[in-house]
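J.: Sharing my_file-v5.cif here; it has mmCIF, C-alpha atoms.
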data_my_file
loop_
_atom_site.label_atom_id
_atom_site.label_comp_id
_atom_site.auth_asym_id
_atom_site.auth_seq_id
_atom_site.Cartn_x
_atom_site.Cartn_y
_atom_site.Cartn_z
CA MET A 1 -28.34 15.07 -15.33
CA ALA A 2 -30.60 15.45 -12.29
CA PRO A 3 -29.36 17.79 -9.55
CA VAL A 4 -27.11 16.13 -6.99
CA ASP A 5 -28.12 16.25 -3.33
CA LEU A 6 -24.99 17.91 -1.95
CA GLU A 7 -26.43 17.72 1.56
CA ARG A 8 -26.99 13.97 1.41
CA TYR A 9 -24.48 13.25 4.15
CA GLY A 10 -25.38 14.54 7.58
CA LEU A 11 -23.01 14.97 10.48
CA ARG A 12 -23.61 11.48 11.88
CA ALA A 13 -22.86 9.85 8.52
CA LEU A 14 -19.68 11.89 8.13
CA GLN A 15 -18.46 11.09 11.63
CA ASP A 16 -18.89 7.37 10.89
CA ARG A 17 -16.48 7.58 7.95
CA ARG A 18 -13.11 5.82 8.07
CA THR A 19 -11.22 8.26 5.84
CA ALA A 20 -8.52 10.46 7.34
CA LYS A 21 -10.59 13.61 7.55
CA TRP A 22 -13.22 12.23 9.93
CA SER A 23 -11.32 9.43 11.69
CA ALA A 24 -8.15 11.25 12.76
CA HIS A 25 -9.67 12.87 15.86
CA PRO A 26 -11.76 11.69 18.82
CA PRO A 27 -15.55 11.33 18.47
CA GLY A 28 -17.38 14.62 18.66
CA VAL A 29 -14.68 16.64 16.90
CA LEU A 30 -15.90 18.47 13.79
CA ALA A 31 -13.45 18.07 10.91
CA ALA A 32 -12.58 20.99 8.64
CA TRP A 33 -8.87 20.39 8.08
CA VAL A 34 -7.58 18.13 5.26
CA ALA A 35 -8.71 19.12 1.76
CA ASP A 36 -11.44 16.56 1.11
CA MET A 37 -15.02 17.44 0.19
CA ASP A 38 -17.99 15.93 2.02
CA PHE A 39 -20.24 15.74 -1.05
CA PRO A 40 -21.46 12.76 -3.10
CA VAL A 41 -19.17 11.77 -5.96
CA ALA A 42 -20.10 12.99 -9.44
CA PRO A 43 -22.60 10.57 -11.06
CA PRO A 44 -20.38 9.86 -14.12
CA VAL A 45 -17.56 8.88 -11.78
CA HIS A 46 -19.88 6.72 -9.71
CA GLU A 47 -21.19 4.99 -12.82
CA ALA A 48 -17.71 4.38 -14.23
CA LEU A 49 -16.52 2.81 -10.98
CA GLU A 50 -19.67 0.71 -10.65
CA ALA A 51 -19.17 -0.61 -14.19
CA LEU A 52 -15.56 -1.46 -13.39
CA LEU A 53 -16.50 -3.35 -10.23
CA ALA A 54 -19.52 -5.04 -11.81
CA THR A 55 -17.14 -6.88 -14.13
CA ASP A 56 -14.38 -7.26 -11.50
CA GLN A 57 -11.86 -5.20 -13.45
CA THR A 58 -9.53 -4.48 -10.55
CA GLY A 59 -6.41 -5.90 -12.13
CA TYR A 60 -3.42 -4.08 -13.53
CA PRO A 61 -4.48 -1.16 -15.74
CA ALA A 62 -4.25 -1.48 -19.50
CA PRO A 63 -2.46 1.13 -21.63
CA ALA A 64 -5.86 2.14 -23.00
CA MET A 65 -6.86 3.34 -19.51
CA VAL A 66 -3.78 5.56 -19.35
CA ASP A 67 -4.44 6.85 -22.87
CA ALA A 68 -8.01 7.73 -21.91
CA VAL A 69 -6.81 9.94 -19.06
CA ARG A 70 -4.20 11.59 -21.23
CA GLU A 71 -6.75 12.30 -23.97
CA ALA A 72 -9.32 13.64 -21.53
CA PHE A 73 -6.74 15.91 -19.95
CA VAL A 74 -5.48 17.34 -23.24
CA ALA A 75 -9.03 18.01 -24.43
CA ARG A 76 -9.92 19.66 -21.12
CA MET A 77 -6.94 22.00 -21.16
CA ALA A 78 -7.80 23.09 -24.70
CA SER A 79 -11.48 23.70 -23.97
CA ARG A 80 -11.18 25.35 -20.55
CA TYR A 81 -7.92 27.29 -20.82
CA ARG A 82 -7.11 27.45 -24.54
CA TRP A 83 -3.89 25.64 -23.68
CA ALA A 84 -2.68 23.29 -26.42
CA VAL A 85 -0.86 20.42 -24.72
CA ASP A 86 1.10 17.90 -26.79
CA PRO A 87 -0.01 14.44 -25.55
CA ALA A 88 3.61 13.26 -25.85
CA THR A 89 4.58 15.63 -23.02
CA VAL A 90 2.03 14.16 -20.57
CA GLU A 91 3.09 11.62 -17.97
CA LEU A 92 0.96 10.04 -15.25
CA THR A 93 1.88 9.45 -11.64
CA SER A 94 -0.01 8.53 -8.50
CA GLU A 95 -0.34 11.99 -6.95
CA VAL A 96 0.87 15.57 -7.24
CA VAL A 97 3.14 15.42 -4.19
CA GLN A 98 4.88 12.39 -5.64
CA GLY A 99 5.29 14.36 -8.86
CA ILE A 100 6.95 17.17 -6.91
CA ALA A 101 9.33 14.70 -5.28
CA LEU A 102 10.24 13.23 -8.67
CA CYS A 103 10.92 16.71 -10.06
CA LEU A 104 13.18 17.61 -7.15
CA TRP A 105 15.03 14.30 -7.39
CA GLN A 106 15.55 14.41 -11.15
CA LEU A 107 15.81 18.13 -11.94
CA THR A 108 18.01 19.32 -9.05
CA GLU A 109 21.01 18.04 -7.12
CA PRO A 110 21.37 17.48 -3.36
CA GLY A 111 21.95 20.82 -1.67
CA ASP A 112 20.43 22.87 -4.51
CA ALA A 113 18.27 25.79 -3.43
CA VAL A 114 14.52 25.38 -3.99
CA LEU A 115 12.30 28.43 -3.51
CA VAL A 116 8.85 28.08 -1.98
CA PRO A 117 6.57 31.11 -1.48
CA THR A 118 5.07 30.87 2.01
CA PRO A 119 2.63 30.22 3.53
CA ALA A 120 2.69 26.99 1.55
CA TYR A 121 0.96 23.64 1.45
CA PRO A 122 3.00 21.75 4.09
CA PRO A 123 4.22 18.91 1.81
CA PHE A 124 5.96 21.57 -0.31
CA LEU A 125 8.17 22.30 2.68
CA SER A 126 8.67 18.73 3.86
CA VAL A 127 9.43 17.23 0.44
CA VAL A 128 12.22 19.76 -0.19
CA ARG A 129 13.87 18.76 3.07
CA ALA A 130 13.22 15.04 2.56
CA THR A 131 14.99 15.05 -0.81
CA GLY A 132 18.07 16.77 0.61
CA ARG A 133 17.51 20.09 -1.13
CA ARG A 134 17.89 23.47 0.55
CA LEU A 135 14.61 25.20 1.33
CA VAL A 136 14.46 28.93 0.56
CA GLU A 137 11.24 30.62 1.66
CA LEU A 138 9.78 33.74 0.08
CA PRO A 139 7.19 35.19 2.49
CA LEU A 140 4.13 36.46 0.66
CA THR A 141 2.75 39.76 1.89
CA GLY A 142 0.17 42.27 0.77
CA ALA A 143 -2.21 45.00 1.82
CA GLY A 144 -5.12 44.03 4.07
CA GLY A 145 -4.00 40.43 4.36
CA ARG A 146 -4.29 39.69 0.62
CA VAL A 147 -1.00 38.14 -0.45
CA GLU A 148 0.71 39.23 -3.65
CA LEU A 149 3.89 38.32 -5.52
CA ASP A 150 6.63 40.93 -5.15
CA GLY A 151 8.81 40.66 -8.24
CA GLU A 152 11.75 42.60 -6.81
CA ARG A 153 11.90 40.43 -3.70
CA LEU A 154 11.55 37.30 -5.82
CA ALA A 155 14.41 38.24 -8.14
CA ALA A 156 16.66 39.36 -5.29
CA THR A 157 16.04 36.16 -3.32
CA VAL A 158 16.67 33.95 -6.34
CA ARG A 159 19.99 35.66 -7.04
CA ALA A 160 21.14 35.85 -3.43
CA GLU A 161 20.35 32.20 -2.67
CA GLY A 162 21.32 30.67 -6.02
CA VAL A 163 17.85 29.18 -6.48
CA ARG A 164 17.56 26.48 -9.16
CA LEU A 165 13.87 25.54 -8.95
CA VAL A 166 10.64 27.21 -7.80
CA LEU A 167 7.69 25.31 -6.36
CA TRP A 168 4.64 27.31 -7.40
CA CYS A 169 1.03 26.77 -6.32
CA SER A 170 -1.72 28.13 -8.60
CA PRO A 171 -4.40 28.71 -7.35
CA HIS A 172 -2.64 29.18 -4.07
CA ASN A 173 -3.06 26.90 -1.08
CA PRO A 174 -3.70 28.04 1.65
CA THR A 175 -4.66 31.65 0.81
CA GLY A 176 -6.92 30.93 -2.16
CA ARG A 177 -5.28 33.53 -4.39
CA VAL A 178 -5.89 33.12 -8.12
CA TRP A 179 -2.79 34.73 -9.58
CA ARG A 180 -3.33 37.57 -12.02
CA PRO A 181 -1.66 37.41 -15.47
CA GLU A 182 0.76 40.16 -14.48
CA GLU A 183 1.88 38.17 -11.42
CA LEU A 184 2.45 35.09 -13.56
CA ALA A 185 4.44 37.27 -15.95
CA ILE A 186 6.66 38.42 -13.06
CA LEU A 187 7.49 34.81 -12.21
CA ALA A 188 8.06 33.98 -15.88
CA ASP A 189 10.46 36.91 -16.35
CA VAL A 190 12.53 35.86 -13.34
CA ALA A 191 12.54 32.22 -14.43
CA LEU A 192 13.80 33.15 -17.88
CA ALA A 193 16.39 35.64 -16.62
CA GLU A 194 17.77 33.31 -13.94
CA ASP A 195 17.44 29.98 -15.80
CA LEU A 196 14.98 28.46 -13.33
CA VAL A 197 12.75 25.43 -13.53
CA VAL A 198 9.20 26.09 -12.29
CA VAL A 199 7.15 23.21 -10.93
CA SER A 200 3.57 24.49 -10.96
CA ASP A 201 1.00 22.67 -8.82
CA GLU A 202 -2.34 23.53 -10.43
CA ILE A 203 -4.50 20.97 -8.65
CA HIS A 204 -7.07 23.61 -7.58
CA ALA A 205 -7.39 25.13 -11.07
CA GLU A 206 -11.02 24.17 -11.57
CA LEU A 207 -12.13 25.57 -8.20
CA VAL A 208 -12.23 29.27 -9.10
CA TYR A 209 -15.00 31.75 -8.24
CA PRO A 210 -16.70 34.30 -10.51
CA GLY A 211 -14.59 37.34 -11.26
CA HIS A 212 -11.37 35.33 -11.33
CA GLU A 213 -9.77 33.13 -13.97
CA HIS A 214 -7.05 30.52 -13.73
CA ARG A 215 -4.34 30.60 -16.36
CA PRO A 216 -1.85 27.72 -16.62
CA PHE A 217 1.67 29.01 -16.06
CA ALA A 218 3.05 27.00 -18.98
CA ALA A 219 0.50 28.65 -21.29
CA LEU A 220 2.39 31.96 -21.09
CA GLY A 221 4.50 30.97 -24.08
CA PRO A 222 6.90 28.37 -25.51
CA GLU A 223 9.95 29.67 -23.63
CA VAL A 224 8.08 29.49 -20.33
CA ALA A 225 6.61 26.08 -21.10
CA ALA A 226 10.08 24.72 -21.86
CA ARG A 227 11.16 25.24 -18.25
CA THR A 228 7.87 24.28 -16.59
CA VAL A 229 6.50 21.06 -15.15
CA THR A 230 2.75 21.37 -14.60
CA LEU A 231 1.25 19.00 -12.05
CA THR A 232 -2.47 18.50 -11.61
CA SER A 233 -5.19 15.98 -10.85
CA ALA A 234 -8.96 15.61 -10.72
CA SER A 235 -8.63 14.83 -7.04
CA LYS A 236 -9.54 18.27 -5.63
CA ALA A 237 -12.26 19.41 -8.00
CA PHE A 238 -13.90 15.96 -8.08
CA ASN A 239 -12.89 14.66 -4.64
CA LEU A 240 -10.91 11.64 -5.81
CA ALA A 241 -7.76 11.95 -3.67
CA GLY A 242 -7.93 8.37 -2.40
CA LEU A 243 -7.96 6.96 -5.94
CA ARG A 244 -4.41 8.16 -6.70
CA CYS A 245 -4.09 9.54 -10.20
CA ALA A 246 -2.23 12.68 -11.28
CA VAL A 247 -0.80 14.23 -14.44
CA ALA A 248 2.56 15.86 -15.17
CA VAL A 249 3.13 18.02 -18.26
CA LEU A 250 6.85 18.17 -19.05
CA GLY A 251 7.44 21.23 -21.18
CA SER A 252 10.67 20.29 -23.00
CA SER A 253 12.51 17.26 -24.27
CA ALA A 254 15.18 17.85 -21.62
CA LEU A 255 12.63 17.78 -18.80
CA GLN A 256 10.99 14.70 -20.33
CA ALA A 257 14.31 12.87 -20.56
CA ARG A 258 15.22 13.62 -16.93
CA TRP A 259 11.80 12.51 -15.66
CA ARG A 260 11.81 9.31 -17.71
CA ALA A 261 15.35 8.45 -16.67
CA LEU A 262 14.02 7.52 -13.24
CA PRO A 263 13.15 3.79 -13.18
CA GLU A 264 9.46 3.23 -13.74
CA ALA A 265 9.17 1.32 -10.45
CA LEU A 266 10.15 4.50 -8.61
CA ARG A 267 7.61 6.63 -10.46
CA GLY A 268 4.68 4.91 -8.76
CA GLY A 269 2.11 2.44 -9.95
CA LEU A 270 -1.26 3.51 -11.31
CA SER A 271 -4.67 2.35 -10.12
CA SER A 272 -7.31 1.07 -12.52
CA PRO A 273 -10.13 2.71 -10.49
CA GLY A 274 -8.18 5.95 -10.32
CA LEU A 275 -7.64 6.05 -14.07
CA VAL A 276 -11.25 5.22 -14.89
CA ALA A 277 -12.62 7.73 -12.37
CA THR A 278 -10.32 10.52 -13.57
CA ALA A 279 -11.20 10.02 -17.23
CA ALA A 280 -14.93 10.00 -16.40
CA ALA A 281 -14.64 13.16 -14.28
CA TRP A 282 -12.78 15.12 -16.93
CA ARG A 283 -14.99 13.91 -19.78
CA ASP A 284 -18.45 14.03 -18.23
CA GLY A 285 -18.28 15.70 -14.81
CA ASP A 286 -18.88 19.37 -15.68
CA PRO A 287 -22.59 19.54 -14.72
CA TRP A 288 -21.77 18.17 -11.26
CA LEU A 289 -18.80 20.52 -10.92
CA ALA A 290 -20.96 23.53 -11.77
CA GLU A 291 -23.37 22.60 -8.98
CA VAL A 292 -20.54 22.14 -6.52
CA LEU A 293 -18.92 25.46 -7.40
CA ALA A 294 -22.19 27.31 -6.88
CA TYR A 295 -22.63 25.60 -3.52
CA LEU A 296 -19.06 26.37 -2.50
CA GLU A 297 -19.46 30.01 -3.48
CA ALA A 298 -22.45 30.25 -1.12
CA ASN A 299 -20.48 28.49 1.62
CA ARG A 300 -17.65 30.96 1.11
CA LYS A 301 -20.06 33.81 1.82
CA VAL A 302 -21.41 32.02 4.91
CA VAL A 303 -17.88 31.76 6.31
CA ALA A 304 -17.12 35.43 5.65
CA ALA A 305 -20.39 36.57 7.23
CA ALA A 306 -19.89 34.42 10.32
CA LEU A 307 -16.37 35.73 10.87
CA GLN A 308 -17.35 39.33 10.29
CA GLY A 309 -20.33 39.13 12.60
CA GLY A 310 -19.01 36.83 15.30
CA VAL A 311 -15.21 36.98 15.43
CA PRO A 312 -14.02 40.60 15.61
CA ALA A 313 -10.44 39.45 16.07
CA ALA A 314 -10.37 37.54 12.78
CA ARG A 315 -8.76 38.84 9.62
CA HIS A 316 -9.96 36.95 6.59
CA VAL A 317 -9.86 37.60 2.85
CA PRO A 318 -12.36 35.27 1.13
CA PRO A 319 -10.53 32.97 -1.29
CA GLU A 320 -10.63 33.63 -5.02
CA GLY A 321 -10.28 29.89 -5.60
CA THR A 322 -10.16 26.60 -3.63
CA TYR A 323 -12.56 25.70 -0.83
CA LEU A 324 -10.14 26.75 1.89
CA ALA A 325 -10.48 29.77 4.17
CA TRP A 326 -7.19 31.18 5.50
CA ILE A 327 -8.00 32.95 8.75
CA ASP A 328 -5.65 35.15 10.78
CA LEU A 329 -6.48 34.78 14.48
CA SER A 330 -3.27 36.33 15.77
CA ALA A 331 -5.29 39.09 17.47
CA ALA A 332 -7.37 36.57 19.40
CA GLY A 333 -4.67 35.78 21.94
CA LEU A 334 -4.51 32.05 21.15
CA GLY A 335 -0.76 31.86 20.55
CA ALA A 336 1.12 30.85 17.43
CA ASP A 337 -1.10 27.82 16.77
CA PRO A 338 -4.80 28.66 17.23
CA ALA A 339 -5.76 25.30 15.72
CA ALA A 340 -4.39 23.52 18.79
CA TRP A 341 -6.45 25.77 21.09
CA LEU A 342 -9.61 25.26 19.01
CA LEU A 343 -9.17 21.49 18.98
CA GLU A 344 -8.95 21.47 22.78
CA HIS A 345 -11.56 24.09 23.61
CA ALA A 346 -14.04 23.91 20.72
CA ARG A 347 -13.59 20.33 19.45
CA LEU A 348 -12.80 21.72 16.01
CA ALA A 349 -10.15 20.21 13.75
CA LEU A 350 -8.71 22.94 11.54
CA SER A 351 -5.34 22.95 9.78
CA SER A 352 -2.51 24.42 11.84
CA GLY A 353 -1.17 27.68 10.41
CA PRO A 354 2.47 27.22 11.50
CA GLU A 355 2.64 24.02 9.44
CA PHE A 356 2.42 26.25 6.34
CA GLY A 357 5.65 28.05 7.28
CA PRO A 358 6.50 31.03 9.53
CA PRO A 359 3.91 33.36 7.91
CA GLY A 360 1.26 30.91 9.11
CA ALA A 361 1.79 31.74 12.80
CA GLY A 362 -1.51 32.79 14.34
CA HIS A 363 -3.51 31.37 11.39
CA VAL A 364 -5.82 28.46 10.76
CA ARG A 365 -7.08 26.95 7.52
CA LEU A 366 -10.76 25.99 7.41
CA ASN A 367 -12.16 23.63 4.76
CA PHE A 368 -15.69 24.75 3.90
CA ALA A 369 -16.45 22.01 1.32
CA THR A 370 -19.12 20.42 3.48
CA PRO A 371 -22.93 20.41 3.66
CA ARG A 372 -24.24 23.75 4.90
CA PRO A 373 -25.76 22.35 8.14
CA VAL A 374 -22.35 20.88 9.01
CA LEU A 375 -20.63 24.15 8.13
CA ALA A 376 -23.10 26.00 10.36
CA ALA A 377 -22.17 23.72 13.26
CA ILE A 378 -18.46 24.27 12.64
CA LEU A 379 -18.83 28.04 12.54
CA GLU A 380 -21.10 28.06 15.59
CA ARG A 381 -18.42 26.29 17.61
CA LEU A 382 -15.75 28.65 16.32
CA VAL A 383 -17.73 31.77 17.15
CA GLU A 384 -18.82 30.52 20.59
CA ALA A 385 -15.30 29.47 21.57
CA LEU A 386 -13.76 32.77 20.53
CA ALA A 387 -16.52 34.78 22.18
CA THR A 388 -14.98 33.74 25.49
CA ARG A 389 -11.56 35.02 24.39
CA PRO A 390 -11.63 38.82 23.97
CA ALA A 391 -9.31 40.04 21.24
CA ARG A 392 -6.22 41.90 22.28
CA GLY A 393 -6.77 45.64 22.16
CA GLY A 394 -10.42 45.41 23.15
CA GLY A 395 -11.59 43.45 20.12
CA GLN A 396 -10.40 45.96 17.52
CA ARG A 397 -8.92 44.73 14.27
CA PRO A 398 -5.18 45.06 13.81
CA THR A 399 -4.07 48.09 11.83
CA GLY A 400 -4.48 47.45 8.10
CA ALA A 401 -6.64 44.37 8.58
CA ALA A 402 -9.39 43.74 6.09
CA PRO A 403 -12.90 43.08 7.33
CA ALA A 404 -14.01 39.49 7.09
CA SER A 405 -16.33 40.20 4.16
CA SER A 406 -13.74 41.87 1.91
CA SER A 407 -13.01 40.25 -1.43
#
Turn this file's structure into structure tokens for me.
T.:
Amino acid sequence: MAPVDLERYGLRALQDRRTAKWSAHPPGVLAAWVADMDFPVAPPVHEALEALLATDQTGYPAPAMVDAVREAFVARMASRYRWAVDPATVELTSEVVQGIALCLWQLTEPGDAVLVPTPAYPPFLSVVRATGRRLVELPLTGAGGRVELDGERLAATVRAEGVRLVLWCSPHNPTGRVWRPEELAILADVALAEDLVVVSDEIHAELVYPGHEHRPFAALGPEVAARTVTLTSASKAFNLAGLRCAVAVLGSSALQARWRALPEALRGGLSSPGLVATAAAWRDGDPWLAEVLAYLEANRKVVAAALQGGVPAARHVPPEGTYLAWIDLSAAGLGADPAAWLLEHARLALSSGPEFGPPGAGHVRLNFATPRPVLAAILERLVEALATRPARGGGQRPTGAAPASSS
């Protein structure tokens, strides 16, 4: 496959788009918020969709389309993660967030306690509340701004609050942590000891940088798998979010029965283009993905260098996975929601830290999955805007803060 021009779309072309990322704000605002990539779609995906449209196959999907996704997924898990998935345990739904809602609705009761480590992808928080469950937050902390899982706090919180289900994100959004095997083992031990169900969102699994390795939570062993629902999609790694196709792996017959007891009409319809695109991405998209990962790794370094050199108040640990930079600007004097200040004063659209839970106060999330010239413009605006706002304490980093280039 010929190399893909990942810088094909310039700023003007992106700003003319009608998708949420670039149309949600006034003209002139640079978008680095919602987790979409600004790169051309993988050629195998493009070709599969073109073939579908060339023959006007936009009707209801056939079972063979569903089977193709299931087969591609099972083969991919075996080849990439040495995880043997029984095809009979795999269900399809329209998106991961819908899968989370289905799990909460079918595997817990109204008022049950659901634990979410925070900061957390905002729909984790909102879907717990929307389904009438009780949200229990476990703030993630760690040295130098790098979050870690504290097993003692986890176990104590689960027991004190009577938690029934844990919403887990691996790799973690927004911090970009790729959980180490010993951290996954901590969660597994607590889940087994306290009879918990773990719903593991692994949508960013294929966006991991050198030196780190994703391991599916359910792959820790049969006992762990039996109480785990794994949710994933090609939507992040291959930028297919608008095509609506996701996978759920239900690790036991009991979990399968509860999921399937919900009427099919409430489980969401599937899209023929989404199914075809997902199967093509998982079967034939690896050369494109390798190019994208190399480009993202370079972008990650550009972000770290810009923050280290131009924003003394920033505390930033480069992500181990995802294309999202989690930046602590609490020392910059911008209040609890720096994203609001940056939108007004720098015409930058970043994700608001407080939306990720209380630990997100003073933070922003920056999406760096964009052509490098666009990223340079985003970072230039960020640096220039903050240069007019001296950090509290004369621009010194807070005690214990990691430099922007730390890994």
J.: Which residues are near Leu382 of chain A? Cut-off 10 Å, only C-alpha atoms, ignore same chain within fewer than 3 positions. Put them as an mmCIF file with C-alpha atoms, in the coordinates of the input.
T.:
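result-v7.cif was written with the following content:
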data_model
loop_
_atom_site.group_PDB
_atom_site.id
_atom_site.type_symbol
_atom_site.label_atom_id
_atom_site.label_comp_id
_atom_site.auth_asym_id
_atom_site.auth_seq_id
_atom_site.Cartn_x
_atom_site.Cartn_y
_atom_site.Cartn_z
ATOM 1 C CA ALA A 306 -19.890 34.420 10.320
ATOM 2 C CA LEU A 307 -16.370 35.730 10.870
ATOM 3 C CA GLY A 310 -19.010 36.830 15.300
ATOM 4 C CA VAL A 311 -15.210 36.980 15.430
ATOM 5 C CA LEU A 342 -9.610 25.260 19.010
ATOM 6 C CA HIS A 345 -11.560 24.090 23.610
ATOM 7 C CA ALA A 346 -14.040 23.910 20.720
ATOM 8 C CA ARG A 347 -13.590 20.330 19.450
ATOM 9 C CA LEU A 348 -12.800 21.720 16.010
ATOM 10 C CA ALA A 376 -23.100 26.000 10.360
ATOM 11 C CA ALA A 377 -22.170 23.720 13.260
ATOM 12 C CA ILE A 378 -18.460 24.270 12.640
ATOM 13 C CA LEU A 379 -18.830 28.040 12.540
ATOM 14 C CA ALA A 385 -15.300 29.470 21.570
ATOM 15 C CA LEU A 386 -13.760 32.770 20.530
ATOM 16 C CA ALA A 387 -16.520 34.780 22.180
#
J.: Tell me which protein, DNA and RNA residues are within 6 Å of segment 257-273 of chain A, counting all atoms listed in the file, leaving out same-chain ones fewer than 3 positions away, and put them as number ranges by chain.
T.: A: 61, 94, 106, 254, 276-277
J.: Taking the file as shown, find all residues satisfying the PyMOL selection byres ((chain A and resi 319) around 8) and write them as a short mmCIF file (atom, residue, chain, number, x, y, z; two decimals) with C-alpha atoms, keeping the file's coordinate frame.
T.:
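Contents of part25.cif, as written:
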data_model
loop_
_atom_site.label_atom_id
_atom_site.label_comp_id
_atom_site.auth_asym_id
_atom_site.auth_seq_id
_atom_site.Cartn_x
_atom_site.Cartn_y
_atom_site.Cartn_z
CA THR A 175 -4.66 31.65 0.81
CA GLY A 176 -6.92 30.93 -2.16
CA ARG A 177 -5.28 33.53 -4.39
CA ARG A 300 -17.65 30.96 1.11
CA VAL A 317 -9.86 37.60 2.85
CA PRO A 318 -12.36 35.27 1.13
CA GLU A 320 -10.63 33.63 -5.02
CA GLY A 321 -10.28 29.89 -5.60
CA THR A 322 -10.16 26.60 -3.63
CA TYR A 323 -12.56 25.70 -0.83
CA LEU A 324 -10.14 26.75 1.89
CA ALA A 325 -10.48 29.77 4.17
CA TRP A 326 -7.19 31.18 5.50
CA SER A 407 -13.01 40.25 -1.43
#
J.: Please determine, counting all atoms listed in the file, which residue among A:Arg315, A:Arg283, A:Lys236, A:Arg389 has the shortest atom-to-atom distance to Glu71 of chain A.
T.: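 Between A:Arg315, A:Arg283, A:Lys236, A:Arg389, the residue approaching Glu71 of chain A most closely is A:Arg283.
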J.: Have a look at A:Pro174, A:Asp67, A:Leu220, A:His204 and name the one nearest to Leu187 of chain A; count only C-alpha atoms.
T.: A:Leu220
J.: Would you compute the distance between atom CA of Thr228 of chain A and atom CA of Val197 of chain A? Give it in Å to one decimal.
T.: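 Computed distance, atom CA of Thr228 of chain A to atom CA of Val197 of chain A, equals 5.9 Å.
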J.: Looking at A:Val247, A:Ala237, A:Pro122, A:Gly353, which one is nearest to Asp36 of chain A, with distances taken over only C-alpha atoms?
T.: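 Once distances to Asp36 of chain A are computed over only C-alpha atoms, the minimum belongs to A:Ala237.
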J.: What would the selection look like, as a VMD selection string, if the PyMOL selection byres ((chain A and resi 77) around 12) were run on the coordinates I just shared?
T.: chain A and resid 70 to 76 78 to 87 90 202 205 to 206 214 to 216 218 to 219 230 232 247 249 282 to 283
J.: What is the atom CA of Ala191 of chain A-atom CA of Pro354 of chain A distance in Å, reported with one decimal?
T.: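 The value is 28.3 Å.
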J.: At a cut-off of 10 Å, using only C-alpha atoms, what residues contact Ala20 of chain A? Leave out same-chain residues fewer than 3 positions from it and give the result as a list in words.
T.: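 In the requested form, the answer reads Arg17, Ser23, Ala24, His25, Ala31, Trp33, Val34, Asp36 and Gly242 of chain A.
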